[in-house]
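K.L.:
Following this line is run.txt, made up of compact mmCIF, C-alpha atoms and all ligand atoms:
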```txt
# COMPACT_ATOMS: atom_id res chain seq x y z
CA MET A 1 9.85 -29.01 -0.93
CA ILE A 2 7.57 -30.37 -3.65
CA LEU A 3 3.86 -30.02 -2.89
CA PRO A 4 1.97 -33.31 -2.43
CA PRO A 5 0.47 -34.88 -5.58
CA GLN A 6 -3.11 -34.10 -4.57
CA HIS A 7 -2.36 -30.36 -4.25
CA PRO A 8 -4.31 -28.47 -6.97
CA LEU A 9 -1.07 -27.06 -8.40
CA SER A 10 0.68 -30.47 -8.47
CA ALA A 11 -2.43 -32.12 -9.88
CA GLY A 12 -2.51 -29.52 -12.66
CA LEU A 13 -6.01 -28.33 -11.73
CA THR A 14 -5.26 -24.66 -11.07
CA THR A 15 -1.89 -24.44 -12.82
CA ASP A 16 -3.34 -22.97 -16.01
CA SER A 17 -6.09 -20.93 -14.37
CA ARG A 18 -6.32 -17.28 -15.36
CA LEU A 19 -5.19 -16.26 -11.88
CA VAL A 20 -2.10 -18.44 -11.57
CA ARG A 21 -1.07 -17.64 -15.13
CA ALA A 22 -1.42 -13.91 -14.45
CA TYR A 23 0.69 -14.16 -11.30
CA ARG A 24 3.31 -15.90 -13.47
CA GLY A 25 3.19 -12.93 -15.85
CA GLU A 26 1.13 -14.52 -18.61
CA ARG A 27 -2.09 -13.25 -20.14
CA ALA A 28 -4.92 -15.76 -20.57
CA ASP A 29 -8.22 -15.60 -22.50
CA THR A 30 -9.34 -12.74 -20.29
CA THR A 31 -8.34 -10.75 -17.21
CA PRO A 32 -8.92 -12.61 -13.93
CA VAL A 33 -10.82 -10.83 -11.16
CA TRP A 34 -11.39 -11.28 -7.44
CA PHE A 35 -12.11 -8.78 -4.67
CA MET A 36 -10.40 -8.23 -1.36
CA ARG A 37 -13.05 -8.86 1.34
CA GLN A 38 -15.30 -10.53 -1.23
CA ALA A 39 -16.45 -12.81 1.57
CA GLY A 40 -18.19 -10.91 4.29
CA ARG A 41 -20.78 -8.38 5.15
CA SER A 42 -21.76 -7.36 1.60
CA LEU A 43 -23.36 -10.82 1.23
CA PRO A 44 -26.75 -11.55 2.86
CA GLU A 45 -25.88 -15.28 2.91
CA TYR A 46 -22.77 -14.39 4.98
CA ARG A 47 -24.75 -12.29 7.43
CA ASP A 48 -27.26 -15.12 7.84
CA LEU A 49 -24.57 -17.70 8.49
CA ARG A 50 -22.70 -15.52 10.99
CA VAL A 51 -25.68 -14.80 13.25
CA GLY A 52 -24.70 -15.76 16.80
CA THR A 53 -21.09 -16.69 15.94
CA ARG A 54 -18.18 -14.45 16.87
CA MET A 55 -15.73 -13.60 14.11
CA LEU A 56 -12.79 -15.64 15.39
CA ASP A 57 -15.05 -18.58 16.23
CA ALA A 58 -16.27 -18.46 12.62
CA CYS A 59 -12.66 -18.49 11.40
CA LEU A 60 -11.88 -21.55 13.53
CA ASP A 61 -14.97 -23.51 12.48
CA PRO A 62 -13.74 -25.37 9.36
CA ALA A 63 -17.19 -25.97 7.87
CA MET A 64 -18.24 -22.35 8.36
CA ALA A 65 -14.95 -20.88 7.12
CA ALA A 66 -15.10 -23.06 4.00
CA GLU A 67 -18.72 -22.15 3.30
CA ILE A 68 -18.06 -18.40 3.71
CA THR A 69 -15.03 -18.67 1.42
CA LEU A 70 -17.12 -20.33 -1.28
CA GLN A 71 -20.12 -17.97 -1.14
CA PRO A 72 -18.64 -15.21 -3.33
CA VAL A 73 -17.15 -17.76 -5.76
CA ARG A 74 -20.60 -19.21 -6.40
CA ARG A 75 -22.39 -15.90 -6.47
CA HIS A 76 -20.01 -13.73 -8.50
CA GLY A 77 -18.04 -16.21 -10.62
CA VAL A 78 -14.78 -14.62 -9.48
CA ASP A 79 -11.52 -16.23 -10.61
CA ALA A 80 -10.38 -17.11 -7.08
CA GLY A 81 -11.58 -17.73 -3.57
CA ILE A 82 -9.77 -15.92 -0.77
CA PHE A 83 -9.63 -17.99 2.38
CA PHE A 84 -12.00 -16.69 5.04
CA SER A 85 -9.88 -15.99 8.08
CA ASP A 86 -8.15 -13.00 9.61
CA ILE A 87 -4.59 -11.80 10.00
CA VAL A 88 -4.82 -12.20 13.81
CA VAL A 89 -5.92 -15.86 13.68
CA PRO A 90 -2.37 -17.23 14.11
CA LEU A 91 -1.93 -15.02 17.20
CA LYS A 92 -5.15 -16.40 18.65
CA LEU A 93 -4.04 -19.95 17.88
CA VAL A 94 -0.82 -19.63 19.87
CA GLY A 95 -2.67 -18.20 22.84
CA VAL A 96 -2.42 -14.42 22.49
CA ASP A 97 -5.39 -12.63 24.09
CA VAL A 98 -7.12 -11.14 21.05
CA GLU A 99 -10.70 -10.77 19.88
CA ILE A 100 -12.32 -9.12 16.89
CA GLN A 101 -14.84 -6.54 17.96
CA PRO A 102 -17.68 -5.96 15.50
CA GLY A 103 -17.30 -2.65 13.71
CA ARG A 104 -13.85 -2.11 15.20
CA GLY A 105 -11.42 -4.90 14.37
CA PRO A 106 -8.75 -6.79 16.32
CA VAL A 107 -8.42 -5.79 19.99
CA PHE A 108 -5.75 -7.23 22.31
CA GLY A 109 -5.84 -7.74 26.06
CA ARG A 110 -2.80 -5.45 26.36
CA ARG A 111 -0.38 -3.33 24.35
CA TYR A 112 2.96 -4.77 23.23
CA ASP A 113 4.85 -1.51 23.04
CA ASP A 114 7.90 -1.96 25.26
CA ALA A 115 10.75 -4.43 25.74
CA ALA A 116 9.12 -6.20 28.71
CA ALA A 117 5.82 -6.80 26.94
CA ILE A 118 7.59 -7.94 23.80
CA ALA A 119 9.79 -10.33 25.78
CA GLU A 120 6.64 -11.88 27.20
CA LEU A 121 5.09 -12.23 23.75
CA THR A 122 8.17 -13.62 22.07
CA ALA A 123 8.55 -16.22 24.82
CA ILE A 124 5.72 -18.03 23.02
CA ASP A 125 7.23 -20.44 20.48
CA PRO A 126 5.90 -19.56 17.00
CA ALA A 127 6.47 -23.18 15.97
CA GLY A 128 3.60 -23.98 18.33
CA LEU A 129 1.31 -22.82 15.53
CA ASP A 130 1.96 -25.99 13.57
CA ALA A 131 0.31 -28.10 16.28
CA ALA A 132 -2.58 -25.64 16.72
CA ALA A 133 -3.35 -25.08 13.03
CA ALA A 134 -5.58 -28.12 12.45
CA PRO A 135 -8.76 -25.98 12.02
CA ILE A 136 -6.98 -23.98 9.29
CA THR A 137 -5.75 -27.07 7.48
CA GLU A 138 -9.19 -28.64 7.67
CA ALA A 139 -10.96 -25.49 6.47
CA VAL A 140 -8.62 -25.14 3.50
CA GLN A 141 -8.97 -28.83 2.62
CA ARG A 142 -12.77 -28.60 2.75
CA THR A 143 -12.74 -25.46 0.61
CA VAL A 144 -10.46 -27.00 -2.01
CA ALA A 145 -12.51 -30.21 -2.06
CA GLU A 146 -15.61 -28.16 -2.82
CA LEU A 147 -13.80 -26.06 -5.41
CA ASN A 148 -12.82 -29.33 -7.07
CA GLU A 149 -16.52 -30.06 -7.53
CA THR A 150 -17.25 -26.58 -8.85
CA ALA A 151 -17.20 -25.36 -12.43
CA PRO A 152 -18.14 -21.74 -12.97
CA ALA A 153 -19.43 -20.89 -16.46
CA GLY A 154 -16.75 -21.35 -19.09
CA ARG A 155 -14.23 -22.91 -16.73
CA GLU A 156 -13.12 -26.43 -15.98
CA THR A 157 -14.14 -28.25 -12.81
CA GLY A 158 -11.62 -27.65 -10.03
CA SER A 159 -9.82 -24.88 -11.90
CA THR A 160 -10.72 -22.09 -9.46
CA PRO A 161 -7.72 -21.44 -7.18
CA LEU A 162 -7.91 -20.66 -3.50
CA ILE A 163 -5.71 -17.79 -2.34
CA GLY A 164 -4.21 -18.14 1.12
CA PHE A 165 -3.16 -15.03 3.01
CA ALA A 166 -1.41 -13.70 6.05
CA GLY A 167 -0.73 -10.33 7.61
CA ALA A 168 2.76 -8.94 7.12
CA PRO A 169 4.83 -8.47 10.27
CA PHE A 170 4.49 -4.68 10.27
CA THR A 171 0.70 -4.67 9.96
CA LEU A 172 0.42 -7.22 12.76
CA ALA A 173 2.90 -5.24 14.86
CA ALA A 174 0.85 -2.10 14.26
CA TYR A 175 -2.07 -3.79 16.04
CA LEU A 176 0.08 -5.43 18.71
CA ALA A 177 1.95 -2.25 19.68
CA GLU A 178 -1.26 -0.24 19.84
CA GLY A 179 -3.31 -3.01 21.44
CA GLY A 180 -5.91 -2.53 18.69
CA PRO A 181 -6.75 -0.60 15.52
CA SER A 182 -5.31 2.88 15.07
CA LYS A 183 -5.18 5.50 12.40
CA ASP A 184 -1.52 6.34 12.14
CA HIS A 185 0.09 3.35 13.86
CA LEU A 186 2.08 5.72 16.03
CA ALA A 187 2.96 3.19 18.72
CA ALA A 188 4.66 0.89 16.21
CA ARG A 189 6.43 3.76 14.47
CA THR A 190 7.69 5.11 17.79
CA LEU A 191 8.85 1.71 19.00
CA MET A 192 10.94 0.95 15.91
CA HIS A 193 13.04 4.05 16.62
CA ALA A 194 12.84 4.20 20.41
CA ASP A 195 13.91 0.59 20.95
CA PRO A 196 15.18 -0.96 17.72
CA GLY A 197 16.21 -4.13 19.56
CA ALA A 198 12.75 -4.80 20.96
CA TRP A 199 11.26 -3.87 17.59
CA ALA A 200 13.50 -6.33 15.76
CA ALA A 201 12.52 -9.07 18.22
CA LEU A 202 8.82 -8.32 17.69
CA MET A 203 9.22 -8.32 13.91
CA HIS A 204 11.21 -11.54 13.87
CA TRP A 205 8.70 -13.35 16.08
CA THR A 206 5.75 -12.08 14.06
CA ALA A 207 7.43 -13.14 10.79
CA GLU A 208 7.97 -16.65 12.13
CA LEU A 209 4.34 -16.92 13.18
CA THR A 210 2.61 -15.37 10.19
CA GLY A 211 4.93 -17.19 7.75
CA ARG A 212 3.83 -20.49 9.28
CA PHE A 213 0.17 -19.47 8.95
CA LEU A 214 0.70 -18.83 5.23
CA ARG A 215 2.62 -22.07 4.75
CA THR A 216 -0.14 -24.06 6.46
CA GLN A 217 -2.69 -22.76 3.95
CA VAL A 218 -0.52 -23.50 0.92
CA LEU A 219 0.36 -27.00 2.13
CA ALA A 220 -3.35 -27.67 2.68
CA GLY A 221 -4.25 -26.67 -0.88
CA ALA A 222 -4.06 -22.91 -1.55
CA SER A 223 -2.70 -22.19 -5.05
CA ALA A 224 -1.42 -18.67 -4.35
CA ALA A 225 -0.48 -16.62 -1.30
CA GLN A 226 -1.09 -12.96 -0.53
CA LEU A 227 0.80 -11.06 2.13
CA PHE A 228 -1.25 -8.12 3.40
CA ASP A 229 0.90 -5.27 4.64
CA SER A 230 -2.16 -3.08 4.79
CA TRP A 231 -0.64 -0.38 6.97
CA ALA A 232 2.89 -0.20 5.50
CA GLY A 233 1.87 3.01 3.75
CA ALA A 234 2.37 4.76 7.10
CA LEU A 235 6.13 4.29 6.69
CA SER A 236 8.85 6.17 4.85
CA LEU A 237 10.79 4.13 2.31
CA ASP A 238 13.85 4.26 4.53
CA ASP A 239 12.01 2.96 7.60
CA TYR A 240 10.33 0.31 5.49
CA GLU A 241 13.60 -0.97 4.07
CA ARG A 242 15.49 -0.85 7.36
CA HIS A 243 12.92 -1.87 9.96
CA VAL A 244 10.27 -3.87 8.10
CA ALA A 245 11.34 -5.40 4.77
CA PRO A 246 13.67 -8.04 6.26
CA ALA A 247 10.84 -9.43 8.40
CA SER A 248 8.45 -9.51 5.42
CA ALA A 249 11.09 -11.38 3.43
CA ARG A 250 11.46 -13.79 6.34
CA ALA A 251 7.70 -14.38 6.44
CA LEU A 252 7.61 -15.12 2.72
CA SER A 253 10.54 -17.52 3.03
CA PHE A 254 8.03 -19.93 4.60
CA VAL A 255 6.34 -20.43 1.23
CA HIS A 256 9.18 -19.79 -1.20
CA ASP A 257 10.43 -23.35 -1.07
CA LEU A 258 7.02 -24.82 -1.90
CA ALA A 259 7.18 -25.92 -5.52
CA TYR A 260 5.24 -27.83 -8.10
CA GLY A 261 6.05 -28.80 -11.61
CA THR A 262 6.26 -31.30 -14.34
CA GLY A 263 8.75 -34.09 -14.45
CA VAL A 264 9.27 -34.20 -10.70
CA ALA A 265 7.89 -37.18 -8.86
CA ALA A 266 5.45 -35.43 -6.54
CA GLY A 267 6.16 -35.95 -2.89
CA GLU A 268 9.83 -36.61 -3.46
CA PRO A 269 12.44 -34.18 -2.29
CA ASP A 270 13.61 -31.80 -4.98
CA ALA A 271 16.76 -33.51 -6.18
CA ALA A 272 19.58 -31.07 -6.76
CA GLY A 273 20.56 -30.97 -10.40
CA SER A 274 17.16 -32.21 -11.52
CA ASP A 275 16.25 -30.76 -14.91
CA ALA A 276 12.54 -30.86 -14.15
CA ALA A 277 10.71 -27.57 -14.64
CA THR A 278 9.52 -26.45 -11.24
CA GLN A 279 7.52 -23.38 -10.32
CA THR A 280 7.09 -21.94 -6.89
CA VAL A 281 3.71 -20.99 -5.47
CA PRO A 282 2.89 -17.44 -6.64
CA VAL A 283 3.07 -14.73 -3.99
CA VAL A 284 1.31 -11.34 -4.07
CA HIS A 285 2.18 -8.44 -1.79
CA PHE A 286 -0.38 -5.71 -1.07
CA GLY A 287 -0.51 -2.57 1.02
CA VAL A 288 -2.60 0.59 1.28
CA GLY A 289 -1.02 3.94 0.40
CA THR A 290 2.20 2.21 -0.60
CA GLY A 291 2.84 4.15 -3.81
CA GLU A 292 6.32 5.09 -2.60
CA LEU A 293 7.11 1.53 -1.46
CA LEU A 294 6.02 -0.55 -4.46
CA GLY A 295 9.52 -1.37 -5.67
CA ALA A 296 10.67 -2.34 -2.18
CA MET A 297 7.54 -4.43 -1.62
CA ARG A 298 8.28 -6.38 -4.75
CA GLY A 299 11.86 -6.70 -3.52
CA VAL A 300 11.01 -8.74 -0.42
CA GLY A 301 10.20 -11.66 -2.67
CA ALA A 302 6.79 -11.16 -4.27
CA ASP A 303 5.88 -12.36 -7.76
CA ALA A 304 3.08 -9.83 -8.13
CA VAL A 305 2.28 -6.53 -6.44
CA GLY A 306 -1.14 -5.34 -5.31
CA VAL A 307 -1.80 -1.64 -5.79
CA ASP A 308 -4.30 0.51 -3.93
CA TYR A 309 -6.46 3.11 -5.69
CA ARG A 310 -4.20 6.09 -5.04
CA ILE A 311 -1.94 5.62 -8.06
CA PRO A 312 -2.93 4.42 -11.54
CA LEU A 313 -1.66 1.00 -12.61
CA ASP A 314 0.46 2.39 -15.46
CA VAL A 315 2.33 4.56 -12.95
CA ALA A 316 2.63 1.59 -10.58
CA ALA A 317 4.01 -0.53 -13.44
CA ALA A 318 6.83 1.95 -13.95
CA ARG A 319 7.59 1.98 -10.21
CA VAL A 320 7.75 -1.79 -9.65
CA GLY A 321 9.96 -2.26 -12.70
CA ALA A 322 9.58 -4.28 -15.86
CA GLY A 323 8.10 -7.75 -15.82
CA VAL A 324 6.04 -7.56 -12.62
CA PRO A 325 2.35 -8.53 -12.77
CA LEU A 326 0.02 -6.11 -11.00
CA GLN A 327 -3.21 -6.56 -9.07
CA GLY A 328 -5.79 -3.86 -8.48
CA ASN A 329 -6.99 -1.17 -8.25
CA LEU A 330 -10.54 0.14 -8.62
CA ASP A 331 -11.47 2.64 -5.92
CA PRO A 332 -14.00 0.76 -3.73
CA ALA A 333 -15.96 4.01 -3.40
CA LEU A 334 -16.98 3.69 -7.05
CA LEU A 335 -18.98 0.54 -6.34
CA ALA A 336 -21.70 2.85 -5.05
CA ALA A 337 -21.55 5.22 -8.05
CA PRO A 338 -24.00 5.14 -11.01
CA TRP A 339 -23.23 2.20 -13.34
CA ALA A 340 -22.00 4.42 -16.20
CA VAL A 341 -19.42 6.01 -13.89
CA LEU A 342 -18.37 2.64 -12.47
CA GLU A 343 -18.16 1.05 -15.92
CA ALA A 344 -15.89 3.80 -17.21
CA ALA A 345 -13.65 3.40 -14.16
CA VAL A 346 -13.43 -0.39 -14.61
CA ARG A 347 -12.46 0.08 -18.27
CA ASP A 348 -9.85 2.66 -17.29
CA VAL A 349 -8.29 0.26 -14.76
CA LEU A 350 -8.19 -2.47 -17.43
CA ARG A 351 -6.59 -0.11 -19.93
CA ARG A 352 -3.90 1.04 -17.53
CA GLY A 353 -3.32 -2.55 -16.44
CA GLN A 354 -2.04 -3.21 -19.96
CA ALA A 355 1.18 -1.50 -18.86
CA ALA A 356 2.03 -4.60 -16.80
CA PRO A 357 2.87 -7.99 -18.31
CA ALA A 358 -0.26 -9.38 -16.66
CA HIS A 359 -3.08 -7.93 -14.58
CA VAL A 360 -5.40 -9.34 -11.95
CA PHE A 361 -8.38 -7.04 -11.56
CA ASN A 362 -9.25 -6.20 -7.95
CA LEU A 363 -10.26 -3.27 -5.81
CA GLY A 364 -7.77 -0.83 -4.31
CA HIS A 365 -8.84 -2.13 -0.88
CA GLY A 366 -11.64 -4.23 0.57
CA VAL A 367 -15.29 -4.37 -0.49
CA PRO A 368 -17.23 -1.84 1.63
CA PRO A 369 -19.80 -3.71 3.79
CA GLU A 370 -22.74 -1.74 2.36
CA THR A 371 -21.91 -2.70 -1.26
CA ASP A 372 -24.78 -4.05 -3.36
CA PRO A 373 -23.56 -7.55 -4.24
CA THR A 374 -25.30 -7.50 -7.63
CA VAL A 375 -22.94 -4.68 -8.59
CA LEU A 376 -19.94 -6.91 -7.83
CA THR A 377 -21.33 -9.64 -10.07
CA ARG A 378 -21.80 -7.10 -12.84
CA VAL A 379 -18.21 -5.89 -12.44
CA VAL A 380 -16.97 -9.50 -12.79
CA GLU A 381 -18.95 -9.88 -16.02
CA LEU A 382 -17.62 -6.58 -17.35
CA VAL A 383 -14.01 -7.44 -16.53
CA HIS A 384 -14.31 -10.83 -18.22
CA GLU A 385 -15.87 -9.27 -21.31
CA ALA A 386 -13.76 -6.12 -21.61
CA GLY A 387 -10.53 -7.66 -20.31
CA ALA A 388 -10.34 -10.26 -23.07
O1 LIG B 1 -17.67 -9.78 12.02
C1 LIG B 1 -17.13 -9.42 10.96
O2 LIG B 1 -17.67 -9.63 9.86
C2 LIG B 1 -15.85 -8.70 11.10
C3 LIG B 1 -15.30 -8.11 9.88
C4 LIG B 1 -14.07 -8.87 9.40
C5 LIG B 1 -14.00 -9.78 8.33
C6 LIG B 1 -15.12 -10.23 7.42
C7 LIG B 1 -12.79 -8.79 9.96
C8 LIG B 1 -12.40 -8.02 11.16
N1 LIG B 1 -11.95 -9.62 9.26
C9 LIG B 1 -12.65 -10.24 8.26
C10 LIG B 1 -12.15 -11.25 7.31
C11 LIG B 1 -10.86 -10.99 6.65
N2 LIG B 1 -9.80 -10.30 7.19
C12 LIG B 1 -10.48 -11.48 5.39
C13 LIG B 1 -11.40 -12.42 4.64
C14 LIG B 1 -11.32 -12.82 3.30
C15 LIG B 1 -11.84 -11.84 2.23
O3 LIG B 1 -11.10 -10.92 1.85
O4 LIG B 1 -12.95 -12.06 1.73
C16 LIG B 1 -9.18 -10.99 5.14
C17 LIG B 1 -8.34 -11.22 3.91
C18 LIG B 1 -8.78 -10.26 6.28
C19 LIG B 1 -7.46 -9.68 6.46
C20 LIG B 1 -7.31 -8.50 7.35
N3 LIG B 1 -7.77 -8.33 8.62
C21 LIG B 1 -6.54 -7.37 7.03
C22 LIG B 1 -5.79 -7.21 5.75
C23 LIG B 1 -6.70 -6.83 4.64
C24 LIG B 1 -7.20 -5.40 4.67
O5 LIG B 1 -8.42 -5.24 4.65
O6 LIG B 1 -6.36 -4.48 4.71
C25 LIG B 1 -6.59 -6.48 8.09
C26 LIG B 1 -5.94 -5.13 8.20
C27 LIG B 1 -7.38 -7.10 9.10
C28 LIG B 1 -7.69 -6.57 10.44
C29 LIG B 1 -9.14 -6.46 10.61
N4 LIG B 1 -9.95 -7.53 10.88
C30 LIG B 1 -11.25 -7.12 10.92
C31 LIG B 1 -11.29 -5.71 10.67
C32 LIG B 1 -12.52 -4.88 10.64
C33 LIG B 1 -9.95 -5.32 10.46
C34 LIG B 1 -9.48 -3.91 10.12
C35 LIG B 1 -9.49 -3.03 11.34
C36 LIG B 1 -8.77 -1.70 11.12
O7 LIG B 1 -9.32 -0.86 10.40
O8 LIG B 1 -7.67 -1.54 11.64
```
In structure tokens, what does this structure look like?
P.N.:
Amino acid sequence: MILPPQHPLSAGLTTDSRLVRAYRGERADTTPVWFMRQAGRSLPEYRDLRVGTRMLDACLDPAMAAEITLQPVRRHGVDAGIFFSDIVVPLKLVGVDVEIQPGRGPVFGRRYDDAAAIAELTAIDPAGLDAAAAPITEAVQRTVAELNETAPAGRETGSTPLIGFAGAPFTLAAYLAEGGPSKDHLAARTLMHADPGAWAALMHWTAELTGRFLRTQVLAGASAAQLFDSWAGALSLDDYERHVAPASARALSFVHDLAYGTGVAAGEPDAAGSDAATQTVPVVHFGVGTGELLGAMRGVGADAVGVDYRIPLDVAAARVGAGVPLQGNLDPALLAAPWAVLEAAVRDVLRRGQAAPAHVFNLGHGVPPETDPTVLTRVVELVHEAGA
């Protein structure tokens, strides 16, 4: 399906941005940079706005979600906004009993760790998300409309892309099976072996739901999509390939048909045999501790791979194979180190990122809540200057 003409990719607004070019494997005037969890508790303006509003209520308030998404773009001059939401939002929208407890994370009303519980969950039609997703569509549209009015220093108005995201089926299942956050995701790992049928049903259902969440954001105006399989690093390569990768591929199939390009009448179906140059929306796949899985994570259908801080980018480049753009991977702990130490680490990440065809600078995981936001701004400036 061709994205509508007003979509920032179809309209050519974000097509040549540093970020989209990097995800296509091209190097631009300098290295693009954004930070996972750039919106959130490190920003005083976020803390002020969130007073008295629960996390999921904030996610489902389009004006608030858009404003929180834009805060770090304005403040830091990052090369992308990441949509303010959470991986459990689509579950909430189809009626699953989930809340986000401050300081803890997503907590469910029950555990989904056996065939009976999973049968109850999967009786919910994932397609129901489409009817319930209006607050997401509206929040993305508001964000993109504001980005279209925004021109960070040295960039054209409207050129800053919004990244949409979703949780990968395994990471969502890790929470569902446990009923909340856990360290080793034992319940999910047990279930996949103890009852492979129930596990497959859970993964299929979750893929259908989270894929739709991602598609909603792209249709509404996101210029790239990131699939977070944060906890996939708990798996062996064999378990990942057998019990998880097919569901992640299924989730990504919900955005793989979304294309933009030149020479195609926007809004018209993609005519077979058309010689128009079309591109699909770039997809990034990220996980924590996934050094052993990087090749397989690329293999589920990602254009670029996000790397955590445990392996250097030049090593990651060799593991994902030639031609794959990388994103990462400064250790978030270094944000609290003396500037000279941090600066050297940023330069080292940039140097090692040269091993990939293109590099999007990021952290190896999210911004720690206690981070001094002025340090993040300084890192953006350094990346733009040293990454040229
Ligand atoms: O009240 C609050 O401020 C709660 C903290 C918070 C925030 C700011 C949570 C609870 N989620 C979020 C927003 C969020 N979640 C974003 C926002 C956009 C940005 O990056 O700026 C994103 C991308 C997520 C995605 C998310 N949620 C992931 C994948 C990314 C990652 O960090 O690995 C995961 C694993 C979650 C679950 C979750 N939600 C919240 C917390 C504290 C957690 C992790 C809990 C755990 O450790 O298991």
K.L.:
Within 6 Å of ligand LIG 1 (chain B), which residues show up when you count only C-alpha atoms and all ligand atoms? List them as a list of chain:residue names, please.
P.N.:
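Written in the requested form, the residues are A:Met36, A:Arg37, A:Gln38, A:Ala39, A:Gly40, A:Arg41, A:Met55, A:Ile82, A:Phe83, A:Phe84, A:Ser85, A:Asp86, A:Ile87, A:Ile100, A:Pro102, A:Arg104, A:Gly105, A:Pro106, A:Pro181, A:Phe228, A:Ser230, A:Gly366.
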K.L.:
Counting only C-alpha atoms, figure out which residue out of A:Val284, A:Asp229, A:Leu219, A:Met192 gets nearest to Ala259 of chain A.
P.N.:
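Residue with the minimum atom-to-atom distance to Ala259 of chain A: A:Leu219.
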K.L.:
Residues around (-6.3, -26.2, 5.2), cut-off 9 Å, counting only C-alpha atoms - what are they as a list in words?
P.N.:
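Those residues, ordered by chain and then number, are Pro62, Ala133, Ala134, Pro135, Ile136, Thr137, Glu138, Ala139, Val140, Gln141, Arg142, Thr143, Val144, Thr216, Gln217, Val218, Leu219, Ala220, Gly221 and Ala222 of chain A.
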K.L.:
Hey, which of A:Ala318, A:Ala336, A:Ala145, A:Val94 ends up closest to Gln6 of chain A? Count only C-alpha atoms.
P.N.:
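Closest to Gln6 of chain A of all the choices is A:Ala145.
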K.L.:
Can you tell me, as a list in words, what residues are no more than 8 Å from segment 343-345 of chain A when counting only C-alpha atoms, ignoring any on the same chain fewer than 2 positions away?
P.N.:
Leu330, Leu334, Trp339, Ala340, Val341, Arg347, Asp348, Val349, Val379 and Leu382 of chain A
K.L.:
To one decimal in Å, tell me the separation between atom CA of Arg111 of chain A and atom CA of Arg189 of chain A.
P.N.:
13.9 Å
K.L.:
As a PDB file with C-alpha atoms, keeping the file's coordinate frame, please: the residues near Asp257 of chain A (cut-off 9 Å, only C-alpha atoms, same-chain neighbours under 5 positions excluded).
P.N.:
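Now in result_31.pdb:
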```pdb
ATOM      1  CA  MET A   1       9.850 -29.010  -0.930  1.00  0.00           C
ATOM      2  CA  ILE A   2       7.570 -30.370  -3.650  1.00  0.00           C
ATOM      3  CA  THR A 280       7.090 -21.940  -6.890  1.00  0.00           C
ATOM      4  CA  VAL A 281       3.710 -20.990  -5.470  1.00  0.00           C
TER       5      VAL A 281
END
```
K.L.:
Rank nothing, just name the residue among A:Gly179, A:Pro8, A:Gly287, A:Gly128 nearest to Arg212 of chain A, using all atoms listed in the file.
P.N.:
A:Gly128
